[in-house]
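K.L.:
Structure in C-alpha cells, see below.
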Amino acid sequence: MDMQQLTLAEIARALAAKQFSAAELAQTLLARIKALDPQLNSFISLTDELALSQAKAADARRAAGESGALLGAPIGHKDLFCSKDVLTSCGSKILSGFKAPYDATVVEKLAAAGTVTLGKLNMDEFAMGSANESSHYGAVKNPWDLSRVPGGSSGGSAAAVAARLIPAATGTDTGGSIRQPAALTNLTGLKPTYGRVSRWGMIAYASSLDQGGPLARTAEDCALLLQAMAGFDAKDSTCVDQPLDDYLAALSQPLNGLRIGLPKEYFGAGLDARIADKVMAVVETLKKLGASVKDISLPNMQHAIPAYYVIAPAEASSNLSRFDGVRFGYRCENPVNLEDLYKRSRGEGFGAEVKRRIMVGTYALSAGYYDAYYLKAQKIRRLIKNDFVAAFNDVDVILGPTTPNLAWKLGEKNNDPVAQYLEDIYTITANLAGIPGLSMPAGFVDGLPVGVQLLAPYFQEGRLLNVAHQYQQVTDWHQQTPKGF
C-alpha cells in the first residue's frame with residue numbers, strides 16, 4: 001500500500017482496519033521527508049521523537065477501543081504555532097534558538113484528537129510574503145515545478161502536502177496565505193471566519209487579520225481538521241463563543257438551489273485569461289450539480305490592496321516591537337548600550353521584507369499620518385465588509401479565481417514588492433471583512449495548478465466545504481500528483 005498517497009480520511013479507515021499502525025505510518029513518512037525534502041526545503045525542523053511517541057500513544061488508544069477520525073493521523077505545523085520544547089522560528093533569524101514553553105491552542109487541540117506531529121514547516125518570515133522566499137531558512141520550492149514558488153506565507157505547509165510528504169498541515173491566512181499556496185500547489189485550503197479558530201500561541205503578524213486553518217488535498221480532510229481545530233478558547237479574546245457545526249455532515253448535502261455570485265471585479269484586467277477559463281469551467285460543473293449563477297458587484301474591492309497594506313504593516317509594526325534582543329531569540333554580539341542592543345538585534349535579526357513592512361506600518365501609525373492612512377484604511381475595510389453583507393443577501397457563495405496568475409519563477413518578483421502584493425488581490429478582501437474563504441483545485445495550465453476561490457457569510461465554513469466536496473466527487477483535479485513525488 002502506498003501510504004503517502006492516502007488522504008486523512010483514508011488513513012483513518014486503514015488504521016481502523018489494522019492495515020498498518022500509526023507508528024509504521026509515521027516512520028514511513030519521516031523517511032520520505034528525509035529523502036525528498038532537501039529538494040523542496042518545506043520543513044524547518046523534524047520532530048522524530050515526538051512523532052513516534054505520539055504515534056505509539058495513538059496506537060495504544062486505538063487498541064483500547066478509541067476510534068477518532070484523526071487518531072494516528074500524521075500532520076505538520078506551520079512554524080508560527082508555538083510547540084512546547086520545539087523550535088518555533090516564524091521563519092526568522094530573530095527567533096533562532098527559541099523553543100516555546102507551551103503549545104498553541106491549535107497544536108494542543110489537534111494533539112488531543114490524536115494527530116502525530118512530524119515537524120514544523122517553512123514559511124515567509126513572520127508570515128510576510130506571497131512566495132515563501134523571505135524565510136531565513138531559504139525559499140521553498142513548488143513540487144509541480146522546482147523552479148517556481150509554492151506561494152506564501154504557508155508555502156512550506158503547501159509544498160509538503162502537495163509532494164505527499166504529509167497528508168495535511170496547519171497554515172495561517174492573513175491576506176490569503178492558506179488559499180494562495182493551496183491554489184499554486186493543487187490543494188484545498190480553508191481560511192475560517194475570523195475568531196472561529198483560536199489564535200492563542202500563534203505568533204502574530206496582523207492581529208485583526210490572522211486566522212489559522214487547514215491545508216489538505218480534499219475538502220473532506222479540511223473538514224476533519226477544522227472540526228478538531230475550531231471552537232471557543234477563553235485564552236484568546238478574539239475567539240468567538242459560537243457552537244461548532246458538524247462539518248463532516250455538511251459535506252454530503254446536494255447543491256440544488258445553491259446561488260453562486262460571480263463578481264464582475266474578479267474578471268477584469270490583470271487576470272490570466274487561461275485561469276478565467278478554468279473558473280468558468282468550474283461554474284458549469286456546479287450548475288450541472290444544481291447551482292444557479294448570478295452576476296454581482298463588489299465595488300470597493302479596488303481599494304483592498306492599499307487598505308490592507310496600511311492595516312497589516314501597522315499591526316505588524318506594533319506586534320513585532322517585542323522582538324528586541326532582550327527577552328528571547330537573537331541578540332547581537334557585544335552591544336555597547338541598550339539602544340545599540342535594540343538597533344543591532346532588530347537590524348541583524350529581521351529580513352528585508354519584514355523591515356519594509358515595519359517601516360511602512362510605523363509611518364502609517366505616526367502622529368501626523370494616523371488619520372490620513374490608518375483611520376482611512378479602516379473606513380475602507382468597513383465598506384468592503386458592507387459589500388459582502390449586501391452580496392450575501394442575494395447569493396449563498398461567491399466564486400472566482402484564487403490568484404490572478406500561475407506560480408511564478410523563484411526570484412522573479414523579488415525586486416518588485418508591489419507586483420508580489422498584487423497576487424493577493426482576490427484573497428485579502430476576505431481577511432479585511434473577516435469572512436471564511438476556501439481555495440480548491442480546478443485544473444492545470446501548462447502543467448501548473450489553478451485554484452478557484454469560494455467565499456461565504458460568517459461562520460458558513462460548512463457551506464464552503466460542502467460545495468468543494470461535491471465538486472471533488474465529480475472531478476479528479478485534487479487527485480493529481482506532481483511528477484517525482
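For the C-alpha cells, the naming scheme is as follows: chains receive sequential letters (A, B, ...) according to their order of presentation, residues are indexed from 1 within each chain, and ligands are indexed from 1 in presentation order.
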Could you pull the residues within 8 Å of range 420-436 of chain A, counting only C-alpha atoms, minus those fewer than 2 positions along the same chain, as a PDB file with N, CA and C atoms, in the first residue's frame?
P.N.:
```pdb
ATOM      1  N   GLY A 129       4.677  37.667   3.093  1.00  0.00           N
ATOM      2  CA  GLY A 129       5.110  37.333   1.738  1.00  0.00           C
ATOM      3  C   GLY A 129       4.070  36.497   1.023  1.00  0.00           C
ATOM      4  N   SER A 130       4.196  36.435  -0.299  1.00  0.00           N
ATOM      5  CA  SER A 130       3.267  35.660  -1.129  1.00  0.00           C
ATOM      6  C   SER A 130       4.009  34.581  -1.912  1.00  0.00           C
ATOM      7  N   ALA A 131       5.267  34.324  -1.542  1.00  0.00           N
ATOM      8  CA  ALA A 131       6.067  33.411  -2.362  1.00  0.00           C
ATOM      9  C   ALA A 131       6.894  32.420  -1.553  1.00  0.00           C
ATOM     10  N   ASP A 173      -3.628  32.409   7.590  1.00  0.00           N
ATOM     11  CA  ASP A 173      -4.062  33.231   6.459  1.00  0.00           C
ATOM     12  C   ASP A 173      -4.337  34.646   6.960  1.00  0.00           C
ATOM     13  N   THR A 174      -3.461  35.592   6.563  1.00  0.00           N
ATOM     14  CA  THR A 174      -3.617  36.996   6.953  1.00  0.00           C
ATOM     15  C   THR A 174      -4.167  37.814   5.788  1.00  0.00           C
ATOM     16  N   GLY A 175      -3.775  37.412   4.552  1.00  0.00           N
ATOM     17  CA  GLY A 175      -4.285  38.089   3.365  1.00  0.00           C
ATOM     18  C   GLY A 175      -4.424  37.115   2.204  1.00  0.00           C
ATOM     19  N   GLY A 176      -4.433  35.812   2.537  1.00  0.00           N
ATOM     20  CA  GLY A 176      -4.513  34.779   1.503  1.00  0.00           C
ATOM     21  C   GLY A 176      -3.475  33.690   1.673  1.00  0.00           C
ATOM     22  N   ARG A 179      -4.970  30.144   1.229  1.00  0.00           N
ATOM     23  CA  ARG A 179      -5.662  29.914  -0.051  1.00  0.00           C
ATOM     24  C   ARG A 179      -4.729  30.069  -1.250  1.00  0.00           C
ATOM     25  N   GLN A 180      -3.839  31.064  -1.225  1.00  0.00           N
ATOM     26  CA  GLN A 180      -2.967  31.293  -2.385  1.00  0.00           C
ATOM     27  C   GLN A 180      -1.977  30.133  -2.601  1.00  0.00           C
ATOM     28  N   LEU A 190      -8.418  26.178   3.560  1.00  0.00           N
ATOM     29  CA  LEU A 190      -9.553  26.914   4.128  1.00  0.00           C
ATOM     30  C   LEU A 190      -9.101  27.957   5.134  1.00  0.00           C
ATOM     31  N   LYS A 191      -9.542  29.202   4.929  1.00  0.00           N
ATOM     32  CA  LYS A 191      -9.409  30.254   5.939  1.00  0.00           C
ATOM     33  C   LYS A 191     -10.760  30.382   6.625  1.00  0.00           C
ATOM     34  N   PRO A 192     -10.836  30.008   7.909  1.00  0.00           N
ATOM     35  CA  PRO A 192     -12.124  30.131   8.605  1.00  0.00           C
ATOM     36  C   PRO A 192     -12.488  31.586   8.883  1.00  0.00           C
ATOM     37  N   THR A 193     -13.727  31.784   9.335  1.00  0.00           N
ATOM     38  CA  THR A 193     -14.182  33.087   9.812  1.00  0.00           C
ATOM     39  C   THR A 193     -13.223  33.578  10.905  1.00  0.00           C
ATOM     40  N   TYR A 194     -12.940  34.889  10.911  1.00  0.00           N
ATOM     41  CA  TYR A 194     -12.086  35.440  11.968  1.00  0.00           C
ATOM     42  C   TYR A 194     -12.726  35.152  13.329  1.00  0.00           C
ATOM     43  N   LEU A 209      -6.369  40.323  11.440  1.00  0.00           N
ATOM     44  CA  LEU A 209      -6.499  39.655  10.137  1.00  0.00           C
ATOM     45  C   LEU A 209      -6.105  38.179  10.184  1.00  0.00           C
ATOM     46  N   ASP A 210      -5.136  37.820  11.053  1.00  0.00           N
ATOM     47  CA  ASP A 210      -4.600  36.450  11.095  1.00  0.00           C
ATOM     48  C   ASP A 210      -5.686  35.439  11.462  1.00  0.00           C
ATOM     49  N   TYR A 266     -13.763  40.569 -10.429  1.00  0.00           N
ATOM     50  CA  TYR A 266     -12.775  39.473 -10.438  1.00  0.00           C
ATOM     51  C   TYR A 266     -12.281  39.157 -11.856  1.00  0.00           C
ATOM     52  N   MET A 301     -13.736  46.601  -3.912  1.00  0.00           N
ATOM     53  CA  MET A 301     -12.595  45.696  -3.996  1.00  0.00           C
ATOM     54  C   MET A 301     -11.336  46.404  -4.516  1.00  0.00           C
ATOM     55  N   ALA A 304      -8.898  47.427  -1.901  1.00  0.00           N
ATOM     56  CA  ALA A 304      -8.491  46.427  -0.904  1.00  0.00           C
ATOM     57  C   ALA A 304      -6.983  46.380  -0.694  1.00  0.00           C
ATOM     58  N   ILE A 305      -6.218  46.385  -1.793  1.00  0.00           N
ATOM     59  CA  ILE A 305      -4.754  46.261  -1.647  1.00  0.00           C
ATOM     60  C   ILE A 305      -4.179  47.439  -0.853  1.00  0.00           C
ATOM     61  N   TYR A 308      -5.284  47.117   2.830  1.00  0.00           N
ATOM     62  CA  TYR A 308      -4.610  46.002   3.510  1.00  0.00           C
ATOM     63  C   TYR A 308      -3.154  46.343   3.825  1.00  0.00           C
ATOM     64  N   ARG A 381     -12.109  49.365   4.989  1.00  0.00           N
ATOM     65  CA  ARG A 381     -12.355  47.992   5.436  1.00  0.00           C
ATOM     66  C   ARG A 381     -13.852  47.787   5.712  1.00  0.00           C
ATOM     67  N   ARG A 382     -14.478  48.762   6.369  1.00  0.00           N
ATOM     68  CA  ARG A 382     -15.911  48.660   6.651  1.00  0.00           C
ATOM     69  C   ARG A 382     -16.735  48.647   5.363  1.00  0.00           C
ATOM     70  N   ILE A 384     -15.761  47.496   2.480  1.00  0.00           N
ATOM     71  CA  ILE A 384     -15.559  46.166   1.865  1.00  0.00           C
ATOM     72  C   ILE A 384     -16.454  45.141   2.554  1.00  0.00           C
ATOM     73  N   LYS A 385     -16.514  45.205   3.877  1.00  0.00           N
ATOM     74  CA  LYS A 385     -17.391  44.299   4.624  1.00  0.00           C
ATOM     75  C   LYS A 385     -18.842  44.497   4.194  1.00  0.00           C
ATOM     76  N   PHE A 388     -19.792  42.765   0.989  1.00  0.00           N
ATOM     77  CA  PHE A 388     -20.049  41.330   1.148  1.00  0.00           C
ATOM     78  C   PHE A 388     -21.415  41.079   1.785  1.00  0.00           C
ATOM     79  N   GLY A 400     -14.722  32.777  -7.626  1.00  0.00           N
ATOM     80  CA  GLY A 400     -13.818  33.466  -8.548  1.00  0.00           C
ATOM     81  C   GLY A 400     -12.456  32.812  -8.514  1.00  0.00           C
ATOM     82  N   PRO A 401     -11.485  33.407  -9.207  1.00  0.00           N
ATOM     83  CA  PRO A 401     -10.125  32.865  -9.161  1.00  0.00           C
ATOM     84  C   PRO A 401      -9.519  33.097  -7.778  1.00  0.00           C
ATOM     85  N   THR A 402      -8.598  32.213  -7.360  1.00  0.00           N
ATOM     86  CA  THR A 402      -7.873  32.459  -6.100  1.00  0.00           C
ATOM     87  C   THR A 402      -6.725  33.427  -6.352  1.00  0.00           C
ATOM     88  N   THR A 403      -6.048  33.243  -7.484  1.00  0.00           N
ATOM     89  CA  THR A 403      -4.888  34.082  -7.819  1.00  0.00           C
ATOM     90  C   THR A 403      -5.031  34.585  -9.258  1.00  0.00           C
ATOM     91  N   PRO A 404      -4.469  35.760  -9.566  1.00  0.00           N
ATOM     92  CA  PRO A 404      -4.573  36.269 -10.940  1.00  0.00           C
ATOM     93  C   PRO A 404      -3.624  35.571 -11.909  1.00  0.00           C
ATOM     94  N   ASN A 405      -2.555  34.951 -11.359  1.00  0.00           N
ATOM     95  CA  ASN A 405      -1.528  34.329 -12.206  1.00  0.00           C
ATOM     96  C   ASN A 405      -1.176  32.937 -11.720  1.00  0.00           C
ATOM     97  N   LYS A 413       9.914  38.118  -8.800  1.00  0.00           N
ATOM     98  CA  LYS A 413       9.265  39.343  -8.323  1.00  0.00           C
ATOM     99  C   LYS A 413       9.960  39.937  -7.106  1.00  0.00           C
ATOM    100  N   ASN A 414      11.170  39.463  -6.814  1.00  0.00           N
ATOM    101  CA  ASN A 414      11.860  39.920  -5.598  1.00  0.00           C
ATOM    102  C   ASN A 414      12.198  41.405  -5.618  1.00  0.00           C
ATOM    103  N   ASP A 416      10.415  43.685  -7.051  1.00  0.00           N
ATOM    104  CA  ASP A 416       9.198  44.484  -7.228  1.00  0.00           C
ATOM    105  C   ASP A 416       8.147  44.032  -6.221  1.00  0.00           C
ATOM    106  N   PRO A 417       8.269  44.505  -4.963  1.00  0.00           N
ATOM    107  CA  PRO A 417       7.334  44.054  -3.928  1.00  0.00           C
ATOM    108  C   PRO A 417       5.876  44.283  -4.295  1.00  0.00           C
ATOM    109  N   VAL A 418       5.587  45.378  -4.998  1.00  0.00           N
ATOM    110  CA  VAL A 418       4.188  45.688  -5.321  1.00  0.00           C
ATOM    111  C   VAL A 418       3.602  44.622  -6.254  1.00  0.00           C
ATOM    112  N   LEU A 438     -12.282  29.616   0.868  1.00  0.00           N
ATOM    113  CA  LEU A 438     -11.672  28.314   0.559  1.00  0.00           C
ATOM    114  C   LEU A 438     -11.148  28.335  -0.866  1.00  0.00           C
ATOM    115  N   LEU A 455     -16.169  32.033  -1.333  1.00  0.00           N
ATOM    116  CA  LEU A 455     -16.350  32.845  -0.139  1.00  0.00           C
ATOM    117  C   LEU A 455     -17.787  32.681   0.345  1.00  0.00           C
ATOM    118  N   ALA A 456     -17.986  32.729   1.666  1.00  0.00           N
ATOM    119  CA  ALA A 456     -19.326  32.547   2.228  1.00  0.00           C
ATOM    120  C   ALA A 456     -19.545  33.524   3.385  1.00  0.00           C
ATOM    121  N   PRO A 457     -20.794  33.655   3.842  1.00  0.00           N
ATOM    122  CA  PRO A 457     -21.052  34.530   5.003  1.00  0.00           C
ATOM    123  C   PRO A 457     -20.364  33.999   6.271  1.00  0.00           C
ATOM    124  N   TYR A 458     -20.336  34.837   7.305  1.00  0.00           N
ATOM    125  CA  TYR A 458     -19.688  34.484   8.569  1.00  0.00           C
ATOM    126  C   TYR A 458     -20.161  33.120   9.087  1.00  0.00           C
ATOM    127  N   PHE A 459     -19.176  32.312   9.524  1.00  0.00           N
ATOM    128  CA  PHE A 459     -19.406  31.005  10.162  1.00  0.00           C
ATOM    129  C   PHE A 459     -20.078  29.989   9.235  1.00  0.00           C
ATOM    130  N   GLN A 460     -19.976  30.212   7.914  1.00  0.00           N
ATOM    131  CA  GLN A 460     -20.540  29.258   6.956  1.00  0.00           C
ATOM    132  C   GLN A 460     -19.441  28.389   6.333  1.00  0.00           C
ATOM    133  N   GLU A 461     -18.443  28.012   7.126  1.00  0.00           N
ATOM    134  CA  GLU A 461     -17.373  27.128   6.623  1.00  0.00           C
ATOM    135  C   GLU A 461     -17.951  25.829   6.065  1.00  0.00           C
TER     136      GLU A 461
END
```
K.L.:
Can you list, as an MDAnalysis selection string, every protein, DNA or RNA residue that comes within 10 Å of Asp246 in chain A when you count only C-alpha atoms, leaving out same-chain residues fewer than 5 positions away?
P.N.:
chainID A and resid 223:224 226:227 251 462
K.L.:
Any chance you could tabulate, as a Markdown table, the residues of range 311-351 of chain A at most 8 Å from range 90-101 of chain A with each one's nearest atom pair and distance in Å to one decimal, using only C-alpha atoms, in chain and rising number order?
P.N.:
```
| residue | atom | partner | partner_atom | distance |
| --- | --- | --- | --- | --- |
| A:Phe323 | CA | A:Ile94 | CA | 7.3 |
| A:Gly325 | CA | A:Ile94 | CA | 8.0 |
| A:Phe328 | CA | A:Phe98 | CA | 6.6 |
| A:Gly329 | CA | A:Leu95 | CA | 4.2 |
| A:Tyr330 | CA | A:Ile94 | CA | 4.6 |
| A:Arg331 | CA | A:Ile94 | CA | 7.7 |
| A:Ser345 | CA | A:Ile94 | CA | 7.6 |
| A:Arg346 | CA | A:Ile94 | CA | 7.3 |
| A:Glu348 | CA | A:Ile94 | CA | 7.9 |
| A:Gly349 | CA | A:Ile94 | CA | 4.2 |
| A:Phe350 | CA | A:Ile94 | CA | 6.1 |
| A:Gly351 | CA | A:Ser92 | CA | 7.4 |
```
K.L.:
Write out the residues from the selection above, keeping C-alpha atoms, as an mmCIF file, in the first residue's frame.
P.N.:
```cif
data_model
loop_
_atom_site.group_PDB
_atom_site.id
_atom_site.type_symbol
_atom_site.label_atom_id
_atom_site.label_comp_id
_atom_site.auth_asym_id
_atom_site.auth_seq_id
_atom_site.Cartn_x
_atom_site.Cartn_y
_atom_site.Cartn_z
ATOM 1 C CA PHE A 323 11.411 41.272 19.425
ATOM 2 C CA GLY A 325 17.072 41.121 21.752
ATOM 3 C CA PHE A 328 14.222 35.707 23.835
ATOM 4 C CA GLY A 329 15.588 34.893 20.395
ATOM 5 C CA TYR A 330 18.501 36.514 18.586
ATOM 6 C CA ARG A 331 20.750 39.048 20.342
ATOM 7 C CA SER A 345 19.463 42.890 17.304
ATOM 8 C CA ARG A 346 16.491 44.014 15.214
ATOM 9 C CA GLU A 348 20.509 41.843 12.102
ATOM 10 C CA GLY A 349 17.559 39.644 13.111
ATOM 11 C CA PHE A 350 14.824 40.800 10.728
ATOM 12 C CA GLY A 351 14.934 40.259 6.962
#
```
K.L.:
With only C-alpha atoms as the counted atoms, please give the residues lying no more than 12 Å from Leu248 in chain A, apart from itself and same-chain residues fewer than 4 positions off, as an MDAnalysis selection string.
P.N.:
chainID A and resid 9 69 219:228 244 252:253 461:466 469
K.L.:
Nearest to Met202 in chain A among A:Glu133, A:Asp295, A:Asp103, A:Asp241, with distances taken over only C-alpha atoms: which residue is it?
P.N.:
A:Asp103
K.L.:
Tell me which of A:Val283, A:Leu320, A:Ala391, A:Val360 sits closest to Tyr471 in chain A, counting only C-alpha atoms.
P.N.:
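Result for the nearest residue to Tyr471 in chain A: A:Val283.
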K.L.:
Residues within 12 Å of Ser45 in chain A, please, as number ranges by chain. Count only C-alpha atoms; anything in the same chain fewer than 3 positions from it doesn't count.
P.N.:
A: 30, 33-34, 37, 41-42, 48-50, 76-79, 83, 86-91, 96-97, 99, 117-123, 137, 156
K.L.:
Could you turn the residues from that selection into a file that holds C-alpha atoms, as a PDB file, in the first residue's frame?
P.N.:
```
ATOM      1  CA  LEU A  30       9.656  10.608   8.227  1.00  0.00           C
ATOM      2  CA  ILE A  33      10.665  13.582   4.214  1.00  0.00           C
ATOM      3  CA  LYS A  34      14.379  12.973   4.824  1.00  0.00           C
ATOM      4  CA  ASP A  37      12.539  17.361   1.285  1.00  0.00           C
ATOM      5  CA  ASN A  41      13.012  22.868   1.689  1.00  0.00           C
ATOM      6  CA  SER A  42       9.483  22.634   3.136  1.00  0.00           C
ATOM      7  CA  ASP A  48      11.077  12.393  15.078  1.00  0.00           C
ATOM      8  CA  GLU A  49      10.963  11.561  18.785  1.00  0.00           C
ATOM      9  CA  LEU A  50       7.752  13.469  19.424  1.00  0.00           C
ATOM     10  CA  GLY A  76       2.923  19.212  10.197  1.00  0.00           C
ATOM     11  CA  HIS A  77       2.518  22.642  11.767  1.00  0.00           C
ATOM     12  CA  LYS A  78       3.408  25.961  10.169  1.00  0.00           C
ATOM     13  CA  ASP A  79       6.359  27.240  12.191  1.00  0.00           C
ATOM     14  CA  SER A  83       5.082  23.906  20.130  1.00  0.00           C
ATOM     15  CA  VAL A  86      10.337  22.553  19.815  1.00  0.00           C
ATOM     16  CA  LEU A  87      11.983  25.351  17.792  1.00  0.00           C
ATOM     17  CA  THR A  88       9.322  27.909  16.850  1.00  0.00           C
ATOM     18  CA  SER A  89      11.061  30.298  14.461  1.00  0.00           C
ATOM     19  CA  CYS A  90       8.431  32.100  12.322  1.00  0.00           C
ATOM     20  CA  GLY A  91      10.992  31.617   9.544  1.00  0.00           C
ATOM     21  CA  SER A  96      16.647  31.370  16.160  1.00  0.00           C
ATOM     22  CA  GLY A  97      17.035  29.101  19.157  1.00  0.00           C
ATOM     23  CA  LYS A  99      11.824  26.865  21.949  1.00  0.00           C
ATOM     24  CA  THR A 117       3.344  15.955  14.551  1.00  0.00           C
ATOM     25  CA  LEU A 118       6.153  15.125  12.093  1.00  0.00           C
ATOM     26  CA  GLY A 119       7.709  18.596  12.117  1.00  0.00           C
ATOM     27  CA  LYS A 120       7.480  22.365  11.738  1.00  0.00           C
ATOM     28  CA  LEU A 121       7.051  23.821   8.282  1.00  0.00           C
ATOM     29  CA  ASN A 122       8.883  26.595   6.454  1.00  0.00           C
ATOM     30  CA  MET A 123       7.174  29.932   5.892  1.00  0.00           C
ATOM     31  CA  TYR A 137      15.793  29.221   6.195  1.00  0.00           C
ATOM     32  CA  GLY A 156       6.144  25.042   3.409  1.00  0.00           C
TER      33      GLY A 156
END
```
K.L.:
Using only C-alpha atoms, which residue out of A:Thr218, A:Gln19, A:Ser198, A:Ser297 lies closest to Ala230 in chain A?
P.N.:
A:Ser198
K.L.:
Any idea what the distance is between CA of Met440 in chain A and CA of Val452 in chain A?
P.N.:
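We find that CA of Met440 in chain A and CA of Val452 in chain A lie 5.5 Å from each other.
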K.L.:
Which residues in range 273-426 of chain A does DSSP call strand (DSSP E)? List them as a list in words.
P.N.:
Ser292, Val293, Lys294, Asp295, Ile296, Val397, Ile398, Leu399, Gly400 and Pro401 of chain A
K.L.:
Which of these residues is nearest to Gln470 in chain A, using only C-alpha atoms: A:Ala112, A:Val282, A:Val389, A:Ala352?
P.N.:
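Between A:Ala112, A:Val282, A:Val389, A:Ala352, the residue approaching Gln470 in chain A most closely is A:Val282.
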K.L.:
Which is closer to Tyr369 in chain A than all the others in A:Leu262, A:Ala159, A:Val310, A:Val336, using only C-alpha atoms?
P.N.:
A:Val310
K.L.:
Counting only C-alpha atoms, figure out which residue out of A:Ala58, A:Ala158, A:Ala234, A:Gly138 gets nearest to Gly114 in chain A.
P.N.:
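For Gly114 in chain A, the nearest of the candidates is A:Ala58.
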K.L.:
Could you go through range 170-236 of chain A and tell me which residues DSSP, when run on the backbone, assigns to alpha helix (DSSP H), listing them as a list in words?
P.N.:
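Residues meeting the alpha helix (DSSP H) criterion: Arg179, Gln180, Pro181, Ala182, Ala183, Leu184, Thr185, Ala219, Glu220, Asp221, Cys222, Ala223, Leu224, Leu225, Leu226, Gln227, Ala228 and Met229 of chain A.
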K.L.:
What would the file look like if the residues just selected were written as a PDB file, in the first residue's frame with C-alpha atoms?
P.N.:
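Okay, part.pdb is ready:
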```pdb
ATOM      1  CA  ARG A 179      -5.662  29.914  -0.051  1.00  0.00           C
ATOM      2  CA  GLN A 180      -2.967  31.293  -2.385  1.00  0.00           C
ATOM      3  CA  PRO A 181      -0.390  28.493  -1.781  1.00  0.00           C
ATOM      4  CA  ALA A 182      -3.234  25.952  -1.946  1.00  0.00           C
ATOM      5  CA  ALA A 183      -4.082  27.289  -5.418  1.00  0.00           C
ATOM      6  CA  LEU A 184      -0.466  27.247  -6.626  1.00  0.00           C
ATOM      7  CA  THR A 185       0.177  23.672  -5.409  1.00  0.00           C
ATOM      8  CA  ALA A 219     -12.435  19.212   1.350  1.00  0.00           C
ATOM      9  CA  GLU A 220     -13.228  16.136   3.447  1.00  0.00           C
ATOM     10  CA  ASP A 221      -9.767  16.255   5.054  1.00  0.00           C
ATOM     11  CA  CYS A 222     -10.115  20.005   5.702  1.00  0.00           C
ATOM     12  CA  ALA A 223     -13.444  19.287   7.413  1.00  0.00           C
ATOM     13  CA  LEU A 224     -11.797  16.665   9.639  1.00  0.00           C
ATOM     14  CA  LEU A 225      -9.055  19.098  10.668  1.00  0.00           C
ATOM     15  CA  LEU A 226     -11.346  22.091  11.140  1.00  0.00           C
ATOM     16  CA  GLN A 227     -13.651  20.041  13.380  1.00  0.00           C
ATOM     17  CA  ALA A 228     -10.714  19.494  15.743  1.00  0.00           C
ATOM     18  CA  MET A 229      -9.073  22.954  15.404  1.00  0.00           C
TER      19      MET A 229
END
```
